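Have a look at input-v2.cif below; it lists mmCIF, C-alpha atoms.
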```
data_entry
loop_
_atom_site.label_atom_id
_atom_site.label_comp_id
_atom_site.auth_asym_id
_atom_site.auth_seq_id
_atom_site.Cartn_x
_atom_site.Cartn_y
_atom_site.Cartn_z
CA LYS A 1 47.26 189.50 114.39
CA LEU A 2 47.15 187.00 117.17
CA GLY A 3 44.39 184.80 115.70
CA PRO A 4 46.35 182.72 113.20
CA TYR A 5 49.12 182.10 115.70
CA ILE A 6 46.79 180.73 118.30
CA ASN A 7 45.18 178.58 115.64
CA MET A 8 48.59 177.39 114.51
CA GLY A 9 49.41 176.38 118.03
CA ALA A 10 46.36 174.17 118.18
CA VAL A 11 47.19 172.54 114.84
CA ASP A 12 50.78 172.11 115.94
CA ALA A 13 49.81 170.13 119.01
CA GLN A 14 47.51 167.92 116.95
CA VAL A 15 50.19 167.40 114.28
CA ARG A 16 52.79 166.67 116.88
CA LEU A 17 50.53 164.06 118.44
CA GLU A 18 49.93 162.38 115.07
CA LEU A 19 53.63 162.41 114.20
CA GLN A 20 54.56 161.01 117.59
CA LYS A 21 52.14 158.14 117.05
CA GLU A 22 53.70 157.35 113.66
CA PHE A 23 57.23 157.60 115.04
CA ASP A 24 56.35 155.20 117.85
CA GLU A 25 54.98 152.74 115.30
CA ILE A 26 58.07 153.10 113.11
CA GLN A 27 60.31 152.40 116.07
CA LYS A 28 58.27 149.35 117.01
CA VAL A 29 58.40 147.93 113.48
CA GLN A 30 62.12 148.62 113.19
CA LYS A 31 62.72 146.75 116.41
CA GLU A 32 60.85 143.76 115.05
CA ILE A 33 62.81 143.87 111.81
CA GLN A 34 66.04 143.88 113.79
CA LYS A 35 64.89 140.95 115.88
CA SER A 36 64.05 138.98 112.78
CA ALA A 37 67.41 139.84 111.21
CA GLU A 38 69.22 138.47 114.25
CA LEU A 39 67.17 135.30 114.13
CA GLN A 40 67.87 134.92 110.42
CA LYS A 41 71.59 135.20 111.04
CA LYS A 42 71.37 132.42 113.62
CA LEU A 43 69.26 130.28 111.30
CA ASP A 44 71.70 130.82 108.42
CA SER A 45 74.63 129.58 110.48
CA GLN A 46 72.59 126.59 111.65
CA LEU A 47 71.70 125.82 108.04
CA ASN A 48 75.38 126.00 107.09
CA GLN A 49 76.40 123.67 109.89
CA ASN A 50 73.74 121.15 109.01
CA THR A 51 74.59 121.28 105.31
CA VAL A 52 78.23 120.56 106.13
CA VAL A 53 77.16 117.61 108.30
CA LYS A 54 74.89 116.33 105.55
CA ASP A 55 77.73 116.46 103.01
CA GLU A 56 80.04 114.66 105.43
CA LEU A 57 77.48 111.92 106.04
CA GLU A 58 77.24 111.38 102.28
CA PHE A 59 80.97 110.49 102.19
CA LEU A 60 80.58 107.66 104.71
CA GLU A 61 80.51 103.95 103.94
CA PRO A 62 77.20 102.32 104.90
CA GLU A 63 78.76 100.47 107.83
CA SER A 64 80.42 103.56 109.31
CA ASN A 65 79.80 104.45 112.94
CA VAL A 66 77.91 107.70 113.51
CA TYR A 67 77.41 109.32 116.90
CA LYS A 68 75.17 112.09 118.09
CA LEU A 69 76.15 114.26 121.04
CA THR A 70 73.34 114.52 123.56
CA GLY A 71 74.35 116.22 126.76
CA PRO A 72 77.71 114.70 127.67
CA VAL A 73 77.05 111.39 125.91
CA LEU A 74 77.93 110.33 122.37
CA VAL A 75 75.10 108.02 121.39
CA LYS A 76 75.62 105.71 118.45
CA GLN A 77 73.16 106.20 115.65
CA ASP A 78 72.14 104.36 112.53
CA LEU A 79 73.60 106.16 109.48
CA GLY A 80 70.23 106.25 107.72
CA GLU A 81 68.60 107.65 110.83
CA ALA A 82 71.30 110.30 111.18
CA LYS A 83 70.82 111.34 107.55
CA GLY A 84 67.09 111.51 108.11
CA THR A 85 67.49 113.65 111.21
CA VAL A 86 69.83 116.08 109.47
CA SER A 87 67.62 116.31 106.37
CA LYS A 88 64.58 117.05 108.50
CA ARG A 89 66.54 119.63 110.43
CA ILE A 90 67.58 121.34 107.18
CA GLU A 91 63.98 121.28 105.97
CA TYR A 92 62.79 122.85 109.21
CA ILE A 93 65.47 125.56 109.22
CA SER A 94 64.84 126.41 105.55
CA ALA A 95 61.13 126.76 106.19
CA GLU A 96 61.84 128.95 109.21
CA ILE A 97 64.14 131.17 107.14
CA LYS A 98 61.42 131.57 104.49
CA ARG A 99 58.91 132.44 107.21
CA GLN A 100 61.22 135.13 108.58
CA GLU A 101 61.80 136.54 105.09
CA THR A 102 58.06 136.84 104.52
CA LEU A 103 57.71 138.45 107.92
CA VAL A 104 60.39 141.04 107.18
CA ALA A 105 58.86 141.83 103.77
CA ASP A 106 55.55 142.46 105.50
CA LEU A 107 57.18 144.57 108.22
CA GLU A 108 58.96 146.65 105.59
CA LYS A 109 55.64 147.32 103.90
CA GLN A 110 54.26 148.51 107.22
CA LEU A 111 57.33 150.67 107.71
CA ASN A 112 56.86 152.36 104.33
CA LYS A 113 53.20 152.98 105.09
CA HIS A 114 54.12 154.75 108.32
CA LYS A 115 56.81 156.78 106.54
CA GLU A 116 54.25 157.85 103.93
CA SER A 117 51.89 158.88 106.73
CA VAL A 118 54.63 161.04 108.19
CA SER A 119 55.18 162.76 104.84
CA LYS A 120 51.43 163.33 104.45
CA ILE A 121 51.08 164.78 107.92
CA GLN A 122 54.03 167.07 107.31
CA ALA A 123 52.72 168.15 103.90
CA LYS A 124 49.31 168.88 105.40
CA ALA A 125 50.86 170.87 108.24
CA THR A 126 52.95 172.90 105.79
CA ALA A 127 49.90 173.59 103.60
CA VAL A 128 47.95 174.82 106.63
CA ALA A 129 50.83 177.00 107.75
CA HIS A 130 51.03 178.81 104.40
CA VAL B 1 65.81 152.05 132.78
CA LEU B 2 65.17 150.66 136.18
CA ILE B 3 64.81 153.75 138.26
CA THR B 4 63.36 157.02 137.06
CA MET B 5 62.95 160.11 139.15
CA SER B 6 60.43 162.63 137.95
CA SER B 7 60.90 166.20 139.13
CA ASP B 8 57.56 167.69 138.17
CA LYS B 9 56.09 166.73 141.52
CA GLU B 10 57.17 168.27 144.79
CA GLU B 11 60.84 167.92 145.56
CA VAL B 12 61.86 165.16 147.94
CA GLN B 13 65.31 165.20 149.42
CA VAL B 14 67.39 162.14 148.47
CA THR B 15 69.69 161.31 151.33
CA LEU B 16 72.86 159.24 151.12
CA GLU B 17 70.95 156.40 152.81
CA ASP B 18 68.24 156.57 150.13
CA GLN B 19 70.79 156.54 147.31
CA LYS B 20 72.49 153.51 148.88
CA LYS B 21 69.14 151.73 149.00
CA ILE B 22 68.43 152.58 145.38
CA ASN B 23 71.86 151.32 144.34
CA LEU B 24 71.39 148.13 146.33
CA PHE B 25 68.02 147.57 144.69
CA ALA B 26 69.54 147.98 141.22
CA LYS B 27 72.41 145.65 142.09
CA LYS B 28 70.10 142.98 143.47
CA ASN B 29 67.90 143.24 140.43
CA GLY B 30 70.96 142.59 138.27
CA ASN B 31 71.89 139.58 140.39
CA LEU B 32 68.39 138.23 140.04
CA ASN B 33 68.58 138.48 136.25
CA GLU B 34 71.88 136.62 136.26
CA ILE B 35 70.40 133.85 138.38
CA GLU B 36 67.43 133.55 136.06
CA THR B 37 69.74 133.22 133.06
CA GLU B 38 71.73 130.47 134.78
CA LEU B 39 68.53 128.67 135.78
CA GLU B 40 67.47 128.63 132.13
CA GLU B 41 70.81 127.09 131.17
CA ILE B 42 70.50 124.45 133.86
CA LYS B 43 67.00 123.58 132.68
CA LYS B 44 68.39 123.02 129.18
CA ALA B 45 71.27 120.92 130.50
CA LEU B 46 68.90 118.77 132.56
CA GLN B 47 66.71 118.26 129.50
CA ASN B 48 69.78 117.13 127.54
CA ILE B 49 70.74 114.70 130.27
CA GLU B 50 67.25 113.24 130.25
CA ASP B 51 67.31 112.93 126.45
CA ALA B 52 70.71 111.23 126.64
CA GLY B 53 69.34 108.76 129.18
CA ASP B 54 66.40 107.97 126.89
CA ASP B 55 68.69 107.55 123.86
CA LEU B 56 70.90 105.14 125.81
CA LEU B 57 67.98 102.80 126.38
CA LEU B 58 67.43 102.54 122.63
CA LEU B 59 70.99 101.35 121.97
CA GLU B 60 71.68 97.82 120.73
CA ASP B 61 73.43 95.60 123.29
CA GLU B 62 76.65 95.53 121.26
CA ASP B 63 76.72 99.35 121.21
CA SER B 64 76.17 99.59 124.97
CA GLU B 65 79.58 98.09 125.82
CA ALA B 66 81.60 101.24 125.18
CA ILE B 67 79.74 104.54 125.21
CA PRO B 68 81.86 107.67 124.81
CA TYR B 69 81.21 110.12 127.64
CA GLN B 70 82.53 113.65 127.61
CA LEU B 71 84.80 114.60 130.48
CA GLY B 72 86.31 118.02 129.93
CA GLU B 73 87.86 117.96 126.47
CA VAL B 74 87.93 114.21 125.91
CA PHE B 75 85.53 111.33 125.57
CA ILE B 76 86.08 108.28 127.76
CA GLN B 77 84.27 105.05 127.08
CA HIS B 78 82.11 103.44 129.73
CA ASN B 79 79.58 100.65 129.66
CA LEU B 80 75.88 101.36 129.87
CA GLU B 81 75.62 101.06 133.64
CA GLU B 82 78.60 103.34 134.28
CA THR B 83 77.30 105.87 131.79
CA GLN B 84 73.93 105.93 133.48
CA GLY B 85 75.69 106.44 136.80
CA LEU B 86 77.66 109.36 135.38
CA LEU B 87 74.50 110.93 134.00
CA GLU B 88 72.81 110.52 137.36
CA LYS B 89 75.73 112.27 139.07
CA GLU B 90 75.64 115.06 136.52
CA LYS B 91 71.93 115.44 137.07
CA ASP B 92 72.40 115.62 140.85
CA LYS B 93 75.05 118.29 140.40
CA TYR B 94 72.73 120.47 138.32
CA GLU B 95 69.78 119.90 140.60
CA GLN B 96 71.82 120.91 143.62
CA ARG B 97 72.98 124.06 141.86
CA MET B 98 69.38 124.75 140.88
CA LYS B 99 68.22 124.42 144.47
CA GLN B 100 70.98 126.73 145.66
CA LEU B 101 70.13 129.33 143.01
CA LYS B 102 66.45 129.21 143.83
CA GLU B 103 67.21 129.83 147.50
CA GLU B 104 69.42 132.76 146.56
CA ALA B 105 66.72 134.14 144.30
CA GLY B 106 64.20 133.89 147.13
CA GLU B 107 66.47 135.82 149.49
CA ILE B 108 67.12 138.50 146.88
CA GLU B 109 63.44 138.83 146.12
CA SER B 110 62.46 139.37 149.74
CA MET B 111 65.28 141.88 150.15
CA MET B 112 64.08 143.77 147.07
CA LYS B 113 60.53 143.69 148.35
CA GLU B 114 61.64 145.25 151.63
CA LEU B 115 63.62 147.97 149.80
CA LYS B 116 60.62 148.66 147.58
CA VAL B 117 58.39 149.20 150.60
CA GLN B 118 60.90 151.64 152.12
CA LEU B 119 61.58 153.54 148.91
CA TYR B 120 57.96 153.83 147.81
CA ALA B 121 57.03 154.96 151.34
CA LYS B 122 59.45 157.84 151.01
CA PHE B 123 59.27 158.74 147.30
CA GLY B 124 55.80 157.56 146.29
CA ASP B 125 55.10 158.35 142.64
CA ASN B 126 58.46 160.10 142.25
CA ILE B 127 60.23 156.77 141.92
CA ASN B 128 59.58 153.85 139.63
CA LEU B 129 61.05 150.51 140.68
CA GLU B 130 59.70 148.22 138.01
CA ALA B 131 61.09 144.77 138.55
#
```

Just give me the structure of the file as structure tokens.
Amino acid sequence: KLGPYINMGAVDAQVRLELQKEFDEIQKVQKEIQKSAELQKKLDSQLNQNTVVKDELEFLEPESNVYKLTGPVLVKQDLGEAKGTVSKRIEYISAEIKRQETLVADLEKQLNKHKESVSKIQAKATAVAH
Amino acid sequence: VLITMSSDKEEVQVTLEDQKKINLFAKKNGNLNEIETELEEIKKALQNIEDAGDDLLLLEDEDSEAIPYQLGEVFIQHNLEETQGLLEKEKDKYEQRMKQLKEEAGEIESMMKELKVQLYAKFGDNINLEA
């Protein structure tokens, strides 16, 4: 009986094509998740640094001298201004971290959807084969 | 991957000369990437220098007498005018390096272009030199 085999071959090619498409998507999403994870690591360490600086600034007397390093120059800054800058920086970084977390949650949803598709395609292919 | 050879088309003989050209192309492409990375760093440094110059102008007179300036591992204090001079020198240094790098990049690019012409002429679709 050659018939079923030939038919199977045709289904196989179609299934393979569908699976390949899903795998490509999965790889793409995983790459984006990895990218976001790296960014989050960087943001976390920036948040830590800025929190340490903020705590240090809180210890200072109001008339203390504060400098900011810009390029090769230490530029004197008003303490209040420095605190403001650091607070804003922390706000910005925190918001960015939240944004990345939402992004990853969304990407993981996409990833699961693609994995489900793979299972469905495989189940369908098995059902046809039997 | 920079260079891919596909074998499903008719076979083309790769001579030692061809392989040397391919290797040179790959090497030059690497050099070009390095130069681009350094140019990005220089751009950042120049931006910092400009920011520093702007910040200096906002300083109170009393704070402009002794401005710490980083030289290697230490900070040495200079007055406003001296600091601005140092920044200017630093800026010149980076701009010169930038000019030099851009010239190098131009030379590399024309060399790669020439190699591309030669290699595509011989290998056609069998070679992929995506820059």

Need to verify the contact set: Asn33 of chain B, 12 Å, only C-alpha atoms, exclusion of same-chain residues closer than 5 positions in sequence. Can you return it as a list in words?
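In the requested form, the answer reads Ala26, Lys27, Lys28, Glu38, Leu39, Glu40, Leu101, Glu104, Ala105, Ile108, Glu109 and Ala131 of chain B.
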
Output of the PyMOL selection byres ((chain B) within 10 of (chain A)), listed as a CSV table (one decimal) with C-alpha atoms, in the frame of the given file:
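Saved as selection-v8.csv:
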```csv
chain,number,residue,atom,x,y,z
B,44,LYS,CA,68.4,123.0,129.2
B,45,ALA,CA,71.3,120.9,130.5
B,46,LEU,CA,68.9,118.8,132.6
B,47,GLN,CA,66.7,118.3,129.5
B,48,ASN,CA,69.8,117.1,127.5
B,49,ILE,CA,70.7,114.7,130.3
B,50,GLU,CA,67.2,113.2,130.2
B,51,ASP,CA,67.3,112.9,126.4
B,52,ALA,CA,70.7,111.2,126.6
B,53,GLY,CA,69.3,108.8,129.2
B,55,ASP,CA,68.7,107.6,123.9
B,56,LEU,CA,70.9,105.1,125.8
B,58,LEU,CA,67.4,102.5,122.6
B,59,LEU,CA,71.0,101.4,122.0
B,60,GLU,CA,71.7,97.8,120.7
B,63,ASP,CA,76.7,99.4,121.2
B,64,SER,CA,76.2,99.6,125.0
B,67,ILE,CA,79.7,104.5,125.2
B,68,PRO,CA,81.9,107.7,124.8
B,69,TYR,CA,81.2,110.1,127.6
B,70,GLN,CA,82.5,113.6,127.6
B,71,LEU,CA,84.8,114.6,130.5
B,72,GLY,CA,86.3,118.0,129.9
B,75,PHE,CA,85.5,111.3,125.6
B,76,ILE,CA,86.1,108.3,127.8
B,77,GLN,CA,84.3,105.0,127.1
B,83,THR,CA,77.3,105.9,131.8
B,84,GLN,CA,73.9,105.9,133.5
B,86,LEU,CA,77.7,109.4,135.4
B,87,LEU,CA,74.5,110.9,134.0
B,90,GLU,CA,75.6,115.1,136.5
```

Exercise on segment 32-35 of chain A, axis-aligned box with 3 Å per side, report centre and edge lengths in Å to one decimal, as JSON:
```
{"center_x": 63.4, "center_y": 142.4, "center_z": 113.8, "size_x": 11.2, "size_y": 8.9, "size_z": 10.1}
```

Given the choices A:Val86, A:Gln46, A:Thr126, A:Leu79, which gets closest to Glu61 of chain A if the distance is worked out from all atoms listed in the file?
A:Leu79

For this file, the PyMOL selection byres ((chain A and resi 17-20) around 12) selects which residues, as a list in words?
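Output of the PyMOL selection byres ((chain A and resi 17-20) around 12): Ala10, Val11, Asp12, Ala13, Gln14, Val15, Arg16, Lys21, Glu22, Phe23, Asp24, Glu25, Ile26, Gln27, His114, Lys115, Glu116, Ser117, Val118, Ser119, Lys120, Ile121, Gln122, Ala123, Lys124 and Ala125 of chain A.
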
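The environment of Glu101 of chain A within 12 Å, counting all atoms listed in the file and disregarding residues fewer than 4 places along the same chain, consists of Ile33, Ser36, Ala37, Glu38, Leu39, Gln40, Lys41, Leu43, Asp44, Ser94, Ala95, Glu96, Ile97, Ala105, Asp106, Leu107 and Glu108 of chain A.
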
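In this model, the gap between atom CA of Gln49 of chain A and atom CA of Thr37 of chain B comes to 25.9 Å.
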
Kindly extract all protein, DNA and RNA residues lying within 8 Å of the coordinates (69.6, 113.8, 100.7) given in the file, considering all atoms listed in the file, and supply them as number ranges by chain.
A: 54, 83, 87

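Comparing the minimum interatomic distances between Lys42 of chain A and each of A:Ile93, A:Val66, A:Gly84, A:Phe59, counting all atoms listed in the file, we find that A:Ile93 sits nearest.
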
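Here atom CA of Asp125 of chain B is placed at a distance of 19.7 Å from atom CA of Leu16 of chain B.
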
So how far away is atom CA of Leu80 of chain B from atom CA of Glu81 of chain A, in Å?
21.3 Å

The PyMOL selection byres ((chain B and resi 21) around 12) applied to the shown file, residues as a list in words
Ile3, Val14, Thr15, Leu16, Glu17, Asp18, Gln19, Lys20, Ile22, Asn23, Leu24, Phe25, Ala26, Lys27, Lys28, Met111, Met112, Lys113, Glu114, Leu115, Lys116, Val117, Gln118, Leu119, Tyr120, Lys122 and Leu129 of chain B

Within 8 Å of Ile90 of chain A, counting all atoms listed in the file, which residues show up once you throw out same-chain ones fewer than 5 positions away? Write them as a VMD selection string, please.
chain A and resid 47 50 to 51
